[in-house]
$ cat protein-v6.pdb   # PDB, C-alpha atoms
ATOM      1  CA  MET D 155     -81.244  85.249  -9.258
ATOM      2  CA  ASP D 156     -77.534  85.303  -8.492
ATOM      3  CA  LEU D 157     -76.730  81.931  -6.938
ATOM      4  CA  TYR D 158     -73.116  82.748  -6.214
ATOM      5  CA  ASN D 159     -73.709  83.394  -2.496
ATOM      6  CA  LEU D 160     -75.581  80.128  -2.130
ATOM      7  CA  ARG D 161     -72.776  78.322  -3.885
ATOM      8  CA  GLN D 162     -70.170  79.990  -1.683
ATOM      9  CA  GLN D 163     -72.085  78.944   1.409
ATOM     10  CA  PHE D 164     -72.139  75.384   0.125
ATOM     11  CA  ASP D 165     -68.403  75.452  -0.552
ATOM     12  CA  GLU D 166     -67.633  76.807   2.914
ATOM     13  CA  SER D 167     -69.688  74.117   4.596
ATOM     14  CA  GLY D 168     -68.062  71.317   2.587
ATOM     15  CA  MET D 169     -71.244  70.557   0.669
ATOM     16  CA  MET D 170     -70.698  68.128  -2.175
ATOM     17  CA  MET D 171     -74.237  67.568  -3.405
ATOM     18  CA  CYS D 172     -77.614  69.018  -2.580
ATOM     19  CA  PHE D 173     -81.136  68.525  -3.807
ATOM     20  CA  ASN D 174     -84.150  70.606  -2.828
ATOM     21  CA  GLY D 175     -87.600  69.867  -4.194
ATOM     22  CA  PRO D 176     -90.204  67.127  -4.255
ATOM     23  CA  PHE D 177     -88.549  63.684  -4.185
ATOM     24  CA  SER D 178     -89.578  61.069  -6.675
ATOM     25  CA  HIS D 179     -88.228  57.547  -6.896
ATOM     26  CA  SER D 180     -86.376  58.404 -10.096
ATOM     27  CA  ILE D 181     -84.741  61.455  -8.521
ATOM     28  CA  ILE D 182     -83.608  59.359  -5.551
ATOM     29  CA  GLU D 183     -82.180  56.826  -7.998
ATOM     30  CA  GLU D 184     -80.395  59.428 -10.146
ATOM     31  CA  ILE D 185     -78.860  61.297  -7.224
ATOM     32  CA  GLY D 186     -77.754  57.968  -5.776
ATOM     33  CA  THR D 187     -75.965  57.041  -8.976
ATOM     34  CA  ALA D 188     -74.342  60.473  -9.187
ATOM     35  CA  LEU D 189     -73.274  60.226  -5.555
ATOM     36  CA  ARG D 190     -71.587  56.877  -6.106
ATOM     37  CA  ASN D 191     -69.755  58.162  -9.175
ATOM     38  CA  TYR D 192     -68.633  61.220  -7.229
ATOM     39  CA  LEU D 193     -67.358  59.128  -4.303
ATOM     40  CA  ALA D 194     -65.717  56.531  -6.553
ATOM     41  CA  ALA D 195     -63.683  59.355  -8.075
ATOM     42  CA  GLU D 196     -62.394  60.245  -4.589
ATOM     43  CA  ASN D 197     -60.539  56.947  -4.350
ATOM     44  CA  ILE D 198     -62.061  55.867  -1.055
ATOM     45  CA  ALA D 199     -62.721  52.234  -0.140
ATOM     46  CA  LYS D 200     -65.611  50.487  -1.890
ATOM     47  CA  ALA D 201     -67.118  49.760   1.525
ATOM     48  CA  ALA D 202     -67.108  53.457   2.469
ATOM     49  CA  VAL D 203     -68.828  54.403  -0.791
ATOM     50  CA  LEU D 204     -71.528  51.833  -0.072
ATOM     51  CA  ASP D 205     -71.956  53.055   3.521
ATOM     52  CA  VAL D 206     -72.561  56.634   2.388
ATOM     53  CA  PHE D 207     -74.867  55.387  -0.356
ATOM     54  CA  ALA D 208     -76.798  53.160   2.071
ATOM     55  CA  VAL D 209     -77.372  56.025   4.505
ATOM     56  CA  TYR D 210     -78.411  58.309   1.654
ATOM     57  CA  ILE D 211     -80.946  55.746   0.384
ATOM     58  CA  GLU D 212     -82.467  55.150   3.834
ATOM     59  CA  LEU D 213     -82.771  58.902   4.517
ATOM     60  CA  ALA D 214     -84.251  59.666   1.103
ATOM     61  CA  GLN D 215     -86.681  56.740   1.121
ATOM     62  CA  ASN D 216     -87.723  57.534   4.699
ATOM     63  CA  VAL D 217     -88.605  61.077   3.672
ATOM     64  CA  ARG D 218     -90.425  59.945   0.555
ATOM     65  CA  ASN D 219     -92.395  57.290   2.427
ATOM     66  CA  TYR D 220     -93.304  59.696   5.221
ATOM     67  CA  ILE D 221     -94.539  62.328   2.764
ATOM     68  CA  ALA D 222     -96.597  59.677   0.934
ATOM     69  CA  VAL D 223     -98.095  58.068   4.058
ATOM     70  CA  ARG D 224     -98.989  61.460   5.566
ATOM     71  CA  GLU D 225    -100.305  62.586   2.171
ATOM     72  CA  ILE D 226     -98.327  65.802   2.125
ATOM     73  CA  ASN D 227     -97.045  65.057  -1.346
ATOM     74  CA  GLN D 228     -98.456  68.223  -2.883
ATOM     75  CA  GLY D 229     -97.458  71.855  -2.896
ATOM     76  CA  GLU D 230     -94.622  73.484  -1.021
ATOM     77  CA  ALA D 231     -94.806  71.196   1.996
ATOM     78  CA  ALA D 232     -93.674  68.267  -0.158
ATOM     79  CA  ALA D 233     -90.346  69.924  -0.999
ATOM     80  CA  SER D 234     -87.558  68.188   0.872
ATOM     81  CA  ILE D 235     -83.802  68.589   1.040
ATOM     82  CA  ILE D 236     -81.038  66.065   0.947
ATOM     83  CA  THR D 237     -77.380  67.021   1.266
ATOM     84  CA  ILE D 238     -74.074  65.217   1.272
ATOM     85  CA  ALA D 239     -71.149  67.120   2.765
ATOM     86  CA  ARG D 240     -67.615  66.478   3.867
ATOM     87  CA  TRP D 241     -67.265  65.987   7.593
ATOM     88  CA  ASN D 242     -63.892  65.495   9.307
ATOM     89  CA  GLU D 243     -62.339  62.579   7.437
ATOM     90  CA  GLY D 244     -65.747  61.316   6.357
ATOM     91  CA  TYR D 245     -69.146  62.485   5.223
ATOM     92  CA  ALA D 246     -72.310  63.964   6.688
ATOM     93  CA  ILE D 247     -75.577  63.041   5.004
ATOM     94  CA  SER D 248     -78.640  65.081   5.917
ATOM     95  CA  SER D 249     -82.297  65.194   5.086
ATOM     96  CA  GLY D 250     -84.834  67.908   5.818
ATOM     97  CA  ASN D 251     -88.584  67.746   5.367
ATOM     98  CA  MET D 252     -91.893  68.927   6.732
ATOM     99  CA  VAL D 253     -93.488  66.770   9.403
ATOM    100  CA  LEU D 254     -96.809  67.144  11.206
ATOM    101  CA  HIS D 255     -96.317  68.772  14.617
ATOM    102  CA  GLU D 256     -97.504  65.665  16.432
ATOM    103  CA  ASP D 257     -94.933  63.475  14.668
ATOM    104  CA  ALA D 258     -91.911  65.597  15.551
ATOM    105  CA  ALA D 259     -91.446  64.676  19.223
ATOM    106  CA  PRO D 260     -91.900  60.874  18.828
ATOM    107  CA  LEU D 261     -89.468  60.955  15.906
ATOM    108  CA  CYS D 262     -86.797  62.818  17.904
ATOM    109  CA  ASN D 263     -87.293  60.487  20.874
ATOM    110  CA  ARG D 264     -86.873  57.455  18.650
ATOM    111  CA  ILE D 265     -83.660  58.902  17.185
ATOM    112  CA  LYS D 266     -82.301  59.616  20.677
ATOM    113  CA  GLU D 267     -83.169  56.078  21.714
ATOM    114  CA  ILE D 268     -81.453  54.567  18.679
ATOM    115  CA  SER D 269     -78.413  56.829  18.974
ATOM    116  CA  ALA D 270     -77.824  55.617  22.531
ATOM    117  CA  MET D 271     -77.737  51.936  21.518
ATOM    118  CA  THR D 272     -74.556  49.857  21.439
ATOM    119  CA  PRO D 273     -73.809  47.920  18.219
ATOM    120  CA  GLU D 274     -75.137  44.736  19.894
ATOM    121  CA  GLU D 275     -78.372  46.494  20.918
ATOM    122  CA  LEU D 276     -78.742  47.872  17.387
ATOM    123  CA  LYS D 277     -78.367  44.422  15.929
ATOM    124  CA  ARG D 278     -80.917  42.976  18.362
ATOM    125  CA  SER D 279     -83.435  45.770  17.701
ATOM    126  CA  TYR D 280     -82.922  45.383  13.969
ATOM    127  CA  LYS D 281     -83.709  41.685  14.169
ATOM    128  CA  GLU D 282     -86.750  42.313  16.402
ATOM    129  CA  GLN D 283     -88.077  44.951  14.028
ATOM    130  CA  MET D 284     -87.434  42.684  11.032
ATOM    131  CA  ARG D 285     -89.632  40.060  12.738
ATOM    132  CA  ARG D 286     -92.518  42.495  13.240
ATOM    133  CA  ASP D 287     -95.422  42.338  10.828
ATOM    134  CA  VAL D 288     -95.615  45.212   8.395
ATOM    135  CA  SER D 289     -98.984  46.969   8.513
ATOM    136  CA  PRO D 290    -100.938  46.833   5.234
ATOM    137  CA  GLY D 291    -100.134  49.768   2.988
ATOM    138  CA  ALA D 292     -96.864  50.544   4.769
ATOM    139  CA  LEU D 293     -94.059  51.495   2.410
ATOM    140  CA  GLY D 294     -91.190  50.711   4.748
ATOM    141  CA  ALA D 295     -90.381  48.090   7.346
ATOM    142  CA  GLY D 296     -89.527  50.583  10.120
ATOM    143  CA  LEU D 297     -85.869  49.627   9.808
ATOM    144  CA  GLY D 298     -84.447  52.753   8.169
ATOM    145  CA  LEU D 299     -83.235  54.599  11.273
ATOM    146  CA  LEU D 300     -81.719  51.434  12.742
ATOM    147  CA  GLU D 301     -80.004  50.743   9.434
ATOM    148  CA  ILE D 302     -78.573  54.276   9.378
ATOM    149  CA  ALA D 303     -77.320  53.951  12.959
ATOM    150  CA  ARG D 304     -75.608  50.685  12.113
ATOM    151  CA  HIS D 305     -73.610  52.371   9.355
ATOM    152  CA  SER D 306     -72.848  55.563  11.304
ATOM    153  CA  SER D 307     -69.526  56.475  12.860
ATOM    154  CA  ALA D 308     -71.106  59.055  15.209
ATOM    155  CA  PRO D 309     -74.590  59.441  16.717
ATOM    156  CA  MET D 310     -77.282  60.933  14.475
ATOM    157  CA  VAL D 311     -78.289  64.522  15.150
ATOM    158  CA  CYS D 312     -81.786  65.898  14.599
ATOM    159  CA  SER D 313     -83.512  69.231  14.979
ATOM    160  CA  VAL D 314     -87.065  70.526  14.678
ATOM    161  CA  ARG D 315     -88.316  74.000  13.880
ATOM    162  CA  ASP D 316     -91.965  75.079  13.898
ATOM    163  CA  VAL D 317     -93.049  76.438  10.526
ATOM    164  CA  ASP D 318     -96.798  77.060  10.743
ATOM    165  CA  ALA D 319     -99.945  75.749  12.415
ATOM    166  CA  THR D 320     -99.609  72.315  10.790
ATOM    167  CA  TYR D 321     -95.955  71.641  10.076
ATOM    168  CA  SER D 322     -92.558  71.546  11.658
ATOM    169  CA  PHE D 323     -89.363  71.270   9.644
ATOM    170  CA  PHE D 324     -87.398  68.239  10.656
ATOM    171  CA  SER D 325     -83.666  67.856   9.932
ATOM    172  CA  LEU D 326     -81.647  64.720  10.454
ATOM    173  CA  THR D 327     -77.914  64.209   9.938
ATOM    174  CA  ALA D 328     -75.956  60.979   9.959
ATOM    175  CA  PHE D 329     -72.153  60.727   9.895
ATOM    176  CA  ILE D 330     -69.986  58.201   8.101
TER
ATOM    177  CA  MET A 261     -93.118  24.774 -13.022
ATOM    178  CA  ALA A 262     -93.882  28.355 -13.977
ATOM    179  CA  GLU A 263     -90.959  30.262 -15.393
ATOM    180  CA  LEU A 264     -89.545  33.142 -13.393
ATOM    181  CA  LYS A 265     -87.360  35.754 -14.980
ATOM    182  CA  ILE A 266     -87.312  39.408 -14.018
ATOM    183  CA  PRO A 267     -84.603  41.491 -15.705
ATOM    184  CA  GLN A 268     -82.208  43.546 -13.614
ATOM    185  CA  THR A 269     -82.698  47.301 -13.205
ATOM    186  CA  THR A 270     -80.626  49.883 -11.317
ATOM    187  CA  THR A 271     -82.759  49.416  -8.210
ATOM    188  CA  THR A 272     -83.908  45.796  -8.526
ATOM    189  CA  PRO A 273     -81.910  42.592  -8.950
ATOM    190  CA  LEU A 274     -82.090  40.027 -11.710
ATOM    191  CA  ILE A 275     -84.409  37.216 -10.619
ATOM    192  CA  CYS A 276     -83.989  34.123 -12.726
ATOM    193  CA  PHE A 277     -84.891  30.474 -12.206
ATOM    194  CA  ASP A 278     -82.842  27.721 -13.822
ATOM    195  CA  GLU A 279     -84.986  24.616 -13.849
ATOM    196  CA  ALA A 280     -82.154  22.204 -14.689
ATOM    197  CA  SER A 281     -80.293  23.061 -11.487
ATOM    198  CA  THR A 282     -83.430  24.080  -9.514
ATOM    199  CA  THR A 283     -81.571  27.278  -8.722
ATOM    200  CA  LEU A 284     -83.150  30.690  -8.325
ATOM    201  CA  ARG A 285     -80.537  33.379  -8.958
ATOM    202  CA  ILE A 286     -80.979  36.787  -7.371
ATOM    203  CA  SER A 287     -78.210  39.144  -8.381
ATOM    204  CA  GLY A 288     -77.628  42.876  -8.428
ATOM    205  CA  GLU A 289     -78.822  45.554  -6.022
ATOM    206  CA  SER A 290     -82.132  45.979  -4.288
ATOM    207  CA  TYR A 291     -83.632  49.334  -3.289
ATOM    208  CA  PRO A 292     -86.964  49.491  -5.132
ATOM    209  CA  GLU A 293     -89.539  52.208  -4.649
ATOM    210  CA  ASN A 294     -91.762  49.649  -2.942
ATOM    211  CA  SER A 295     -89.915  46.501  -1.869
ATOM    212  CA  PHE A 296     -93.046  44.722  -0.634
ATOM    213  CA  ALA A 297     -94.796  45.130  -3.989
ATOM    214  CA  PHE A 298     -91.664  44.037  -5.865
ATOM    215  CA  TYR A 299     -91.035  40.885  -3.805
ATOM    216  CA  ALA A 300     -94.644  39.720  -3.235
ATOM    217  CA  PRO A 301     -94.888  37.783  -6.558
ATOM    218  CA  ILE A 302     -91.431  36.277  -5.991
ATOM    219  CA  LEU A 303     -92.406  35.024  -2.535
ATOM    220  CA  ASP A 304     -95.561  33.506  -4.055
ATOM    221  CA  TRP A 305     -93.503  31.819  -6.768
ATOM    222  CA  VAL A 306     -91.102  30.328  -4.199
ATOM    223  CA  LYS A 307     -94.003  28.971  -2.118
ATOM    224  CA  GLN A 308     -95.463  27.345  -5.203
ATOM    225  CA  GLN A 309     -92.122  25.922  -6.331
ATOM    226  CA  LEU A 310     -91.530  24.346  -2.916
ATOM    227  CA  GLN A 311     -95.023  22.915  -2.869
ATOM    228  CA  ASP A 312     -94.682  21.468  -6.376
ATOM    229  CA  SER A 313     -91.119  20.170  -6.366
ATOM    230  CA  GLY A 314     -89.976  20.198  -2.738
ATOM    231  CA  SER A 315     -86.553  21.509  -3.620
ATOM    232  CA  LEU A 316     -84.937  24.875  -4.261
ATOM    233  CA  ILE A 317     -81.484  26.429  -4.161
ATOM    234  CA  ILE A 318     -81.297  30.205  -4.038
ATOM    235  CA  GLU A 319     -78.053  31.792  -5.139
ATOM    236  CA  PHE A 320     -77.618  35.418  -4.098
ATOM    237  CA  THR A 321     -75.059  37.788  -5.538
ATOM    238  CA  ILE A 322     -76.192  40.993  -3.908
ATOM    239  CA  THR A 323     -73.900  43.974  -3.437
ATOM    240  CA  TYR A 324     -76.403  46.265  -1.776
ATOM    241  CA  MET A 325     -79.860  45.931  -0.303
ATOM    242  CA  ASN A 326     -81.955  48.595   1.456
ATOM    243  CA  SER A 327     -83.644  47.916   4.784
ATOM    244  CA  SER A 328     -87.116  47.110   3.424
ATOM    245  CA  SER A 329     -85.550  44.592   1.011
ATOM    246  CA  THR A 330     -83.853  42.847   3.961
ATOM    247  CA  LYS A 331     -87.309  42.453   5.505
ATOM    248  CA  CYS A 332     -88.509  40.806   2.262
ATOM    249  CA  MET A 333     -85.451  38.508   2.272
ATOM    250  CA  LEU A 334     -86.293  37.431   5.805
ATOM    251  CA  ASP A 335     -89.808  36.560   4.638
ATOM    252  CA  LEU A 336     -88.226  34.520   1.849
ATOM    253  CA  LEU A 337     -85.943  32.715   4.324
ATOM    254  CA  ASP A 338     -88.954  31.979   6.544
ATOM    255  CA  ILE A 339     -90.769  30.329   3.635
ATOM    256  CA  MET A 340     -87.692  28.180   2.968
ATOM    257  CA  GLU A 341     -87.260  27.358   6.662
ATOM    258  CA  GLU A 342     -90.859  26.204   6.884
ATOM    259  CA  ALA A 343     -90.424  24.012   3.796
ATOM    260  CA  HIS A 344     -87.182  22.663   5.261
ATOM    261  CA  ALA A 345     -89.042  21.681   8.448
ATOM    262  CA  GLY A 346     -91.477  19.822   6.164
ATOM    263  CA  SER A 347     -88.527  17.904   4.677
ATOM    264  CA  ALA A 348     -88.081  19.945   1.475
ATOM    265  CA  LYS A 349     -84.526  20.151   0.164
ATOM    266  CA  VAL A 350     -83.505  23.803   0.349
ATOM    267  CA  SER A 351     -80.231  25.668   0.517
ATOM    268  CA  ILE A 352     -78.706  29.081  -0.042
ATOM    269  CA  ILE A 353     -75.467  30.137  -1.646
ATOM    270  CA  TRP A 354     -74.485  33.738  -0.940
ATOM    271  CA  ASN A 355     -71.685  35.175  -3.065
ATOM    272  CA  TYR A 356     -69.941  38.270  -1.743
ATOM    273  CA  ASP A 357     -67.140  40.529  -2.862
ATOM    274  CA  PRO A 358     -64.435  40.566  -0.120
ATOM    275  CA  GLU A 359     -64.076  44.314  -0.679
ATOM    276  CA  ASN A 360     -67.690  44.675   0.414
ATOM    277  CA  PRO A 361     -67.851  43.573   4.074
ATOM    278  CA  ARG A 362     -71.494  44.701   4.383
ATOM    279  CA  SER A 363     -72.606  41.975   2.008
ATOM    280  CA  PHE A 364     -70.766  39.412   4.140
ATOM    281  CA  GLU A 365     -72.285  40.765   7.377
ATOM    282  CA  LEU A 366     -75.742  40.674   5.836
ATOM    283  CA  ALA A 367     -75.223  37.044   4.823
ATOM    284  CA  GLU A 368     -74.072  36.154   8.343
ATOM    285  CA  GLU A 369     -77.175  37.725   9.860
ATOM    286  CA  PHE A 370     -79.471  35.909   7.467
ATOM    287  CA  CYS A 371     -77.574  32.690   8.117
ATOM    288  CA  GLU A 372     -78.329  33.045  11.853
ATOM    289  CA  GLU A 373     -82.051  32.978  11.057
ATOM    290  CA  VAL A 374     -82.149  29.570   9.379
ATOM    291  CA  SER A 375     -81.258  25.951  10.090
ATOM    292  CA  PHE A 376     -80.865  24.714   6.480
ATOM    293  CA  PRO A 377     -77.536  24.816   4.570
ATOM    294  CA  PHE A 378     -76.360  28.390   3.978
ATOM    295  CA  GLN A 379     -73.059  28.771   2.223
ATOM    296  CA  ILE A 380     -71.208  32.107   2.152
ATOM    297  CA  VAL A 381     -68.702  32.274  -0.694
ATOM    298  CA  ALA A 382     -66.143  34.962  -1.534
ATOM    299  CA  PHE A 383     -65.802  35.866  -5.190
ATOM    300  CA  HIS A 384     -63.705  38.457  -6.980
ATOM    301  CA  PRO A 385     -65.756  40.432  -9.503
TER
END
$ encode --input "protein-v6.pdb" --output "structure tokens"
Amino acid sequence: MDLYNLRQQFDESGMMMCFNGPFSHSIIEEIGTALRNYLAAENIAKAAVLDVFAVYIELAQNVRNYIAVREINQGEAAASIITIARWNEGYAISSGNMVLHEDAAPLCNRIKEISAMTPEELKRSYKEQMRRDVSPGALGAGLGLLEIARHSSAPMVCSVRDVDATYSFFSLTAFI
Amino acid sequence: MAELKIPQTTTTPLICFDEASTTLRISGESYPENSFAFYAPILDWVKQQLQDSGSLIIEFTITYMNSSSTKCMLDLLDIMEEAHAGSAKVSIIWNYDPENPRSFELAEEFCEEVSFPFQIVAFHP
């Protein structure tokens, strides 16, 4: 397979890093380390490096937790994408993964809701959510999207595309 | 008191209790695969320590923490707050790098959740 076209497409869209395949904790960790090294070499502020890293971690762990909780961690459906690209003066971090049809609309509504919040509302919601009990077996605290919004310099953008009778493909981008 | 020492990894902080100063040090970064599973034994240890000795200082030097770890930290603060209400001697020291404002903001938000002494200290790594 000649990957030159794919590479050219990446270059044109400002893509810095991309992973496509089943996520494991160690892959998330390795890509995170590589991402920080990459950004550190760009001579941007330490705080900006950590913001991009934080958003990357929340997106990646959200995807991994979702796939695990919904038990779609086998076969092609488990393959997910994470990308980090240049965007204006900053960065766009995106994730893409399969979701069950019935999960797509509530997820998009929640993102719209969060994206419309002021920083004060985000802080209040974060604290409220932090105070909520975590259901047994949950892998996350339901804080990831709020955390991402708190780091973002522009509202998150999401899109959904139907794939087959069971799944939709869900994409989410956050901007730093 | 039972010893507590968990070595640092890329995704989990060093957790180390110094009995002489009754200080539990938590330093590094925190974004484990499963934060709840990682912190559960630490929360149990803190409960026991407070029950046995009635005093504990926790010194944080955390540069980054993911959202599920912040939830675990809040649980930890709640345990300390409860002990404080029962007249235990508890306090927190939070060291942050001034080049890392997120660590400072995190400390401020945690500080708002408690009524016992919570000191936020700038350090230069």
$ resolve_selection --input "protein-v6.pdb" --expression "the ChimeraX specification (/A :<10) & /D" --output "NGL selection string"
:D and (178-180 or 182-184 or 187 or 199-205 or 207-209 or 211-212 or 215 or 218-219 or 277 or 280-281 or 283-288 or 291-302 or 305)
$ resolve_selection --input "protein-v6.pdb" --expression "the PyMOL selection byres ((chain A and resi 301-313) around 9)" --output "PyMOL selection string"
chain A and resi 261-262+264+275+284+297-300+314-316+332+335-336+339-340+343+348-350
$ residues_near_point --input "protein-v6.pdb" --point "(-81.2, 21.8, 7.3)" --cutoff "10 Å" --atoms "all atoms listed in the file" --output "list of chain:residue names"
A:Glu341, A:His344, A:Ala345, A:Ser347, A:Ala348, A:Lys349, A:Val350, A:Ser351, A:Val374, A:Ser375, A:Phe376, A:Pro377, A:Phe378
$ closest_residue --input "protein-v6.pdb" --among "A:Phe364, A:Leu274, A:Leu337, A:Asp357" --to "Pro385 in chain A" --atoms "all atoms listed in the file"
A:Asp357
$ closest_residue --input "protein-v6.pdb" --among "D:Val314, D:Ala308, D:Ala239, D:Val223" --to "Pro260 in chain D" --atoms "all atoms listed in the file"
D:Val314
$ build_atoms --input "protein-v6.pdb" --residues "range 198-212 of chain D" --atoms "N, CA and C atoms" --output "PDB file, in the coordinates of the input"
ATOM      1  N   ILE D 198     -61.876  56.421  -2.399  1.00  0.00           N
ATOM      2  CA  ILE D 198     -62.061  55.867  -1.055  1.00  0.00           C
ATOM      3  C   ILE D 198     -62.477  54.403  -1.199  1.00  0.00           C
ATOM      4  N   ALA D 199     -62.421  53.673  -0.085  1.00  0.00           N
ATOM      5  CA  ALA D 199     -62.721  52.234  -0.140  1.00  0.00           C
ATOM      6  C   ALA D 199     -64.143  51.996  -0.649  1.00  0.00           C
ATOM      7  N   LYS D 200     -64.299  50.886  -1.369  1.00  0.00           N
ATOM      8  CA  LYS D 200     -65.611  50.487  -1.890  1.00  0.00           C
ATOM      9  C   LYS D 200     -66.647  50.430  -0.765  1.00  0.00           C
ATOM     10  N   ALA D 201     -66.207  49.914   0.389  1.00  0.00           N
ATOM     11  CA  ALA D 201     -67.118  49.760   1.525  1.00  0.00           C
ATOM     12  C   ALA D 201     -67.604  51.119   2.014  1.00  0.00           C
ATOM     13  N   ALA D 202     -66.718  52.120   2.011  1.00  0.00           N
ATOM     14  CA  ALA D 202     -67.108  53.457   2.469  1.00  0.00           C
ATOM     15  C   ALA D 202     -68.106  54.085   1.499  1.00  0.00           C
ATOM     16  N   VAL D 203     -67.890  53.883   0.211  1.00  0.00           N
ATOM     17  CA  VAL D 203     -68.828  54.403  -0.791  1.00  0.00           C
ATOM     18  C   VAL D 203     -70.212  53.810  -0.537  1.00  0.00           C
ATOM     19  N   LEU D 204     -70.238  52.500  -0.291  1.00  0.00           N
ATOM     20  CA  LEU D 204     -71.528  51.833  -0.072  1.00  0.00           C
ATOM     21  C   LEU D 204     -72.189  52.273   1.230  1.00  0.00           C
ATOM     22  N   ASP D 205     -71.384  52.571   2.259  1.00  0.00           N
ATOM     23  CA  ASP D 205     -71.956  53.055   3.521  1.00  0.00           C
ATOM     24  C   ASP D 205     -72.641  54.405   3.331  1.00  0.00           C
ATOM     25  N   VAL D 206     -71.963  55.317   2.638  1.00  0.00           N
ATOM     26  CA  VAL D 206     -72.561  56.634   2.388  1.00  0.00           C
ATOM     27  C   VAL D 206     -73.824  56.461   1.542  1.00  0.00           C
ATOM     28  N   PHE D 207     -73.723  55.634   0.524  1.00  0.00           N
ATOM     29  CA  PHE D 207     -74.867  55.387  -0.356  1.00  0.00           C
ATOM     30  C   PHE D 207     -76.041  54.795   0.431  1.00  0.00           C
ATOM     31  N   ALA D 208     -75.745  53.821   1.288  1.00  0.00           N
ATOM     32  CA  ALA D 208     -76.798  53.160   2.071  1.00  0.00           C
ATOM     33  C   ALA D 208     -77.519  54.164   2.964  1.00  0.00           C
ATOM     34  N   VAL D 209     -76.755  55.037   3.620  1.00  0.00           N
ATOM     35  CA  VAL D 209     -77.372  56.025   4.505  1.00  0.00           C
ATOM     36  C   VAL D 209     -78.208  57.010   3.682  1.00  0.00           C
ATOM     37  N   TYR D 210     -77.671  57.418   2.541  1.00  0.00           N
ATOM     38  CA  TYR D 210     -78.411  58.309   1.654  1.00  0.00           C
ATOM     39  C   TYR D 210     -79.758  57.669   1.244  1.00  0.00           C
ATOM     40  N   ILE D 211     -79.716  56.419   0.827  1.00  0.00           N
ATOM     41  CA  ILE D 211     -80.946  55.746   0.384  1.00  0.00           C
ATOM     42  C   ILE D 211     -81.972  55.666   1.516  1.00  0.00           C
ATOM     43  N   GLU D 212     -81.515  55.275   2.712  1.00  0.00           N
ATOM     44  CA  GLU D 212     -82.467  55.150   3.834  1.00  0.00           C
ATOM     45  C   GLU D 212     -83.085  56.505   4.178  1.00  0.00           C
TER      46      GLU D 212
END
